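Have a look at the structure below, then the notes.
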Amino acid sequence: MVQRVELEVSEKYQPNIEEVVLSSPDVDSYAAHTVLDLVANKPDAILLLPTGNTPKGMYRIIAEESNYGREVDFSKVNVLNLDEYWPISGGHFASFKYYMKHHFYNYVNIPREQRYIADGGYPEPFTETARIQGHLEVFKKKGIDLAVVGIGKNGHLGFNEPGTPHDMETWITELSEDTRRANASDFILPEHLYGIQESIPVPHHAITLGLGENGIRAAKHIMLLAKGEAKAEALRRAFREPSTEEVPASALQNHLNVTIVADYAAAEGLGAA
Ligand code: PGA
């Protein structure tokens with residue numbers, strides 16, 4: 001049973017932002033059940049979903065509890081991913097397409113044609129950003145029910161790095177050195193697959209949904225997950241200081257329905273642990 005702790009102080013601080021502070025395993029469970037309950041009540045839900053270390057636990061619980069559609073049916077759900085590296089092939093072990101398959105799509109019954117992600121292998125990224133933006137706008141018209149997002153140590157949201165205007169649509173972004181370093185461990189060749197262990201360079205670019213109302217903020221509800229002390233400062237800067245382009249996640253201060261789900265360590269940044 002997830003224990004839910006809502007903080008009076010923060011509710012006063014920003015009435016549109018709910019803050020839920022839990023143990024790390026309970027963050028996974030809370031996030032997973034938010035998605036499972038939504039899909040159980042609205043089988044044709046439209047979701048924007050993230051990758052990264054933080055949501056792995058959420059995906060594991062969704063996988064277990066949906067039981068490949070036998071418990072919670074995902075067959076009418078549409079998913080658009082927040083971002084993808086560019087260039088990268090979809091079969092590359094560090095691509096987000098590969099991540100989604102291995103952490104999520106192998107375990108839920110979402111038909112292939114309802115899974116949307118930028119094609120990092122497409123040679124001309126601007127055509128691809130336009131294609132993804134087109135899908136986002138179609139989904140926005142129907143109603144995007146939930147965006148699940150993480151936060152970078154530098155405050156990034158999706159791959160919108162510090163300095164990104166808050167009104168952007170889908171675009172091709174240059175990754176900061178902080179982000180390339182943070183993600184470098186995903187680019188070590190898995191020895192069991194390749195017989196050698198070697199690091200390969202992290203791409204310098206990515207295709208990402210923007211932060212605007214025709215981007216991540218098009219979703220009716222945004223759930224931001226943050227775990228670990230490394231995220232505390234980013235949360236503080238995003239939600240305890242005025243919104244600024246230097247902290248992309250602070251764009252969420254200008255959205256009507258945000259839930260921050262943080263573990264105790266990350267919530268230190270909210271003064272809430
Ligand atoms: P992480 O990444 O979950 O791997 O920490 C989050 C992010 O960079 O958005």
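We name chains A, B, ... following the order of the structure tokens; residues begin at 1 in each chain, and ligands are numbered from 1 as shown.
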
(message) Neighbouring residues of ligand 1 are defined here as those with any atom at most 10 Å from a ligand atom, counting only C-alpha atoms and all ligand atoms; list them as a VMD selection string.
(response) chain A and resid 50 to 56 82 to 83 149 to 161 179 to 180 182 to 183 186 224 to 228 230 to 231 249

(request) List every residue of range 1-73 of chain A that DSSP, applied to the backbone, labels as strand (DSSP E or B), and write the result as a ChimeraX atom specification. (result) /A:6,17-22,46-49

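Near Tyr68 in chain A, within 6 Å and counting only C-alpha atoms, sit Tyr107, Val108 and Asn109 of chain A; same-chain residues fewer than 3 positions away were not included.
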
(message) Applying 9 Å and only C-alpha atoms, which residues near range 261-273 of chain A remain after dropping the ones on its own chain fewer than 5 positions away? List them as number ranges by chain.
(response) A: 7, 9-10, 18-27, 30-31, 223-237, 239-240

(message) Between CA of Leu36 in chain A and CA of Tyr98 in chain A, what distance in Å does the model show, to one decimal?
(response) 22.2 Å

(request) Could you tell me which of A:Glu245, A:Glu124, A:Asp119, A:Glu198 comes closest to Met168 in chain A if we count only C-alpha atoms? (result)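 Closest candidate: A:Glu245.
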
If you count only C-alpha atoms, which residues fall within 10 Å of range 128-139 of chain A, apart from same-chain ones fewer than 4 positions away, as an mmCIF file with N, CA, C and O atoms, in the first residue's frame?
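Here's the written file out-v2.cif:
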data_model
loop_
_atom_site.group_PDB
_atom_site.id
_atom_site.type_symbol
_atom_site.label_atom_id
_atom_site.label_comp_id
_atom_site.auth_asym_id
_atom_site.auth_seq_id
_atom_site.Cartn_x
_atom_site.Cartn_y
_atom_site.Cartn_z
ATOM 1 N N ILE A 46 -4.043 8.456 -23.868
ATOM 2 C CA ILE A 46 -2.872 8.875 -24.648
ATOM 3 C C ILE A 46 -1.803 9.322 -23.652
ATOM 4 O O ILE A 46 -2.066 10.174 -22.791
ATOM 5 N N LEU A 47 -0.619 8.726 -23.777
ATOM 6 C CA LEU A 47 0.443 8.954 -22.800
ATOM 7 C C LEU A 47 1.700 9.497 -23.472
ATOM 8 O O LEU A 47 2.066 9.056 -24.568
ATOM 9 N N LEU A 48 2.389 10.410 -22.797
ATOM 10 C CA LEU A 48 3.757 10.757 -23.156
ATOM 11 C C LEU A 48 4.644 10.081 -22.115
ATOM 12 O O LEU A 48 4.407 10.234 -20.912
ATOM 13 N N ASN A 78 -2.293 4.837 -26.751
ATOM 14 C CA ASN A 78 -1.260 5.378 -27.637
ATOM 15 C C ASN A 78 -0.167 6.002 -26.780
ATOM 16 O O ASN A 78 -0.466 6.673 -25.785
ATOM 17 N N VAL A 79 1.077 5.790 -27.179
ATOM 18 C CA VAL A 79 2.219 6.327 -26.430
ATOM 19 C C VAL A 79 3.125 7.103 -27.373
ATOM 20 O O VAL A 79 3.467 6.623 -28.455
ATOM 21 N N LEU A 80 3.509 8.285 -26.951
ATOM 22 C CA LEU A 80 4.541 9.049 -27.658
ATOM 23 C C LEU A 80 5.683 9.274 -26.677
ATOM 24 O O LEU A 80 5.456 9.761 -25.563
ATOM 25 N N ASN A 81 6.882 8.910 -27.083
ATOM 26 C CA ASN A 81 8.035 9.131 -26.203
ATOM 27 C C ASN A 81 8.491 10.588 -26.227
ATOM 28 O O ASN A 81 8.329 11.281 -27.216
ATOM 29 N N LEU A 82 9.080 10.987 -25.114
ATOM 30 C CA LEU A 82 9.540 12.379 -25.017
ATOM 31 C C LEU A 82 10.684 12.673 -25.968
ATOM 32 O O LEU A 82 10.789 13.778 -26.493
ATOM 33 N N ASP A 83 11.577 11.698 -26.174
ATOM 34 C CA ASP A 83 12.805 12.040 -26.898
ATOM 35 C C ASP A 83 13.521 10.793 -27.413
ATOM 36 O O ASP A 83 13.152 9.656 -27.080
ATOM 37 N N TYR A 116 4.787 5.504 -30.587
ATOM 38 C CA TYR A 116 5.412 6.576 -31.361
ATOM 39 C C TYR A 116 6.704 7.028 -30.680
ATOM 40 O O TYR A 116 6.719 7.290 -29.483
ATOM 41 N N ILE A 117 7.754 7.116 -31.476
ATOM 42 C CA ILE A 117 9.026 7.643 -30.971
ATOM 43 C C ILE A 117 9.780 8.181 -32.177
ATOM 44 O O ILE A 117 9.637 7.649 -33.288
ATOM 45 N N ALA A 118 10.538 9.248 -31.974
ATOM 46 C CA ALA A 118 11.330 9.776 -33.085
ATOM 47 C C ALA A 118 12.275 8.688 -33.586
ATOM 48 O O ALA A 118 12.811 7.908 -32.801
ATOM 49 N N ASP A 119 12.456 8.642 -34.905
ATOM 50 C CA ASP A 119 13.374 7.682 -35.505
ATOM 51 C C ASP A 119 14.758 8.320 -35.545
ATOM 52 O O ASP A 119 15.032 9.171 -36.390
ATOM 53 N N GLY A 120 15.595 7.903 -34.612
ATOM 54 C CA GLY A 120 16.949 8.473 -34.523
ATOM 55 C C GLY A 120 17.825 8.068 -35.689
ATOM 56 O O GLY A 120 18.916 8.601 -35.872
ATOM 57 N N GLY A 121 17.360 7.091 -36.474
ATOM 58 C CA GLY A 121 18.130 6.638 -37.632
ATOM 59 C C GLY A 121 17.752 7.391 -38.893
ATOM 60 O O GLY A 121 18.373 7.215 -39.944
ATOM 61 N N TYR A 122 16.737 8.247 -38.778
ATOM 62 C CA TYR A 122 16.299 8.969 -39.971
ATOM 63 C C TYR A 122 17.372 9.999 -40.335
ATOM 64 O O TYR A 122 17.794 10.790 -39.494
ATOM 65 N N PRO A 123 17.826 9.992 -41.603
ATOM 66 C CA PRO A 123 19.001 10.818 -41.923
ATOM 67 C C PRO A 123 18.755 12.316 -41.841
ATOM 68 O O PRO A 123 19.679 13.093 -41.653
ATOM 69 N N GLU A 124 17.484 12.719 -41.945
ATOM 70 C CA GLU A 124 17.215 14.156 -42.014
ATOM 71 C C GLU A 124 16.356 14.521 -40.793
ATOM 72 O O GLU A 124 15.141 14.345 -40.798
ATOM 73 N N GLY A 143 -6.686 14.857 -26.764
ATOM 74 C CA GLY A 143 -6.485 14.986 -25.318
ATOM 75 C C GLY A 143 -5.378 14.060 -24.835
ATOM 76 O O GLY A 143 -5.533 12.831 -24.844
ATOM 77 N N ILE A 144 -4.264 14.642 -24.446
ATOM 78 C CA ILE A 144 -3.151 13.843 -23.901
ATOM 79 C C ILE A 144 -3.402 13.727 -22.404
ATOM 80 O O ILE A 144 -3.403 14.726 -21.679
ATOM 81 N N ASP A 145 -3.647 12.523 -21.943
ATOM 82 C CA ASP A 145 -4.112 12.338 -20.568
ATOM 83 C C ASP A 145 -3.003 12.518 -19.540
ATOM 84 O O ASP A 145 -3.235 13.052 -18.460
ATOM 85 N N GLU A 169 8.330 23.802 -29.690
ATOM 86 C CA GLU A 169 7.708 22.558 -30.158
ATOM 87 C C GLU A 169 8.836 21.530 -30.333
ATOM 88 O O GLU A 169 9.974 21.784 -29.933
ATOM 89 N N THR A 170 8.528 20.396 -30.957
ATOM 90 C CA THR A 170 9.550 19.349 -31.138
ATOM 91 C C THR A 170 10.738 19.913 -31.923
ATOM 92 O O THR A 170 10.555 20.618 -32.917
ATOM 93 N N TRP A 171 11.934 19.610 -31.468
ATOM 94 C CA TRP A 171 13.115 20.176 -32.125
ATOM 95 C C TRP A 171 14.316 19.265 -31.938
ATOM 96 O O TRP A 171 14.257 18.285 -31.202
ATOM 97 N N ILE A 172 15.394 19.633 -32.643
ATOM 98 C CA ILE A 172 16.630 18.868 -32.469
ATOM 99 C C ILE A 172 17.554 19.684 -31.587
ATOM 100 O O ILE A 172 17.842 20.847 -31.855
ATOM 101 N N ILE A 207 16.394 14.342 -30.627
ATOM 102 C CA ILE A 207 15.100 14.920 -31.015
ATOM 103 C C ILE A 207 14.230 14.863 -29.771
ATOM 104 O O ILE A 207 14.105 13.808 -29.145
ATOM 105 N N THR A 208 13.681 15.996 -29.386
ATOM 106 C CA THR A 208 12.890 16.020 -28.152
ATOM 107 C C THR A 208 11.607 16.815 -28.346
ATOM 108 O O THR A 208 11.577 17.784 -29.110
ATOM 109 N N LEU A 209 10.549 16.391 -27.671
ATOM 110 C CA LEU A 209 9.379 17.257 -27.568
ATOM 111 C C LEU A 209 9.838 18.527 -26.870
ATOM 112 O O LEU A 209 10.706 18.485 -26.000
ATOM 113 N N GLY A 210 9.236 19.654 -27.240
ATOM 114 C CA GLY A 210 9.568 20.896 -26.562
ATOM 115 C C GLY A 210 8.813 21.031 -25.250
ATOM 116 O O GLY A 210 8.073 20.137 -24.834
ATOM 117 N N ASN A 214 2.404 23.287 -27.070
ATOM 118 C CA ASN A 214 2.389 22.313 -28.163
ATOM 119 C C ASN A 214 3.556 21.351 -27.995
ATOM 120 O O ASN A 214 4.166 20.895 -28.971
ATOM 121 N N GLY A 215 3.866 21.073 -26.779
ATOM 122 C CA GLY A 215 4.949 20.145 -26.441
ATOM 123 C C GLY A 215 4.525 19.376 -25.202
ATOM 124 O O GLY A 215 3.349 19.010 -25.051
ATOM 125 N N ILE A 216 5.457 19.191 -24.283
ATOM 126 C CA ILE A 216 5.149 18.409 -23.076
ATOM 127 C C ILE A 216 3.981 19.026 -22.301
ATOM 128 O O ILE A 216 3.140 18.318 -21.741
ATOM 129 N N ALA A 218 1.386 20.182 -23.345
ATOM 130 C CA ALA A 218 0.070 19.898 -23.936
ATOM 131 C C ALA A 218 -0.678 18.857 -23.099
ATOM 132 O O ALA A 218 -1.906 18.752 -23.191
ATOM 133 N N ALA A 219 0.050 18.069 -22.316
ATOM 134 C CA ALA A 219 -0.605 17.013 -21.528
ATOM 135 C C ALA A 219 -1.489 17.628 -20.443
ATOM 136 O O ALA A 219 -1.149 18.648 -19.847
#
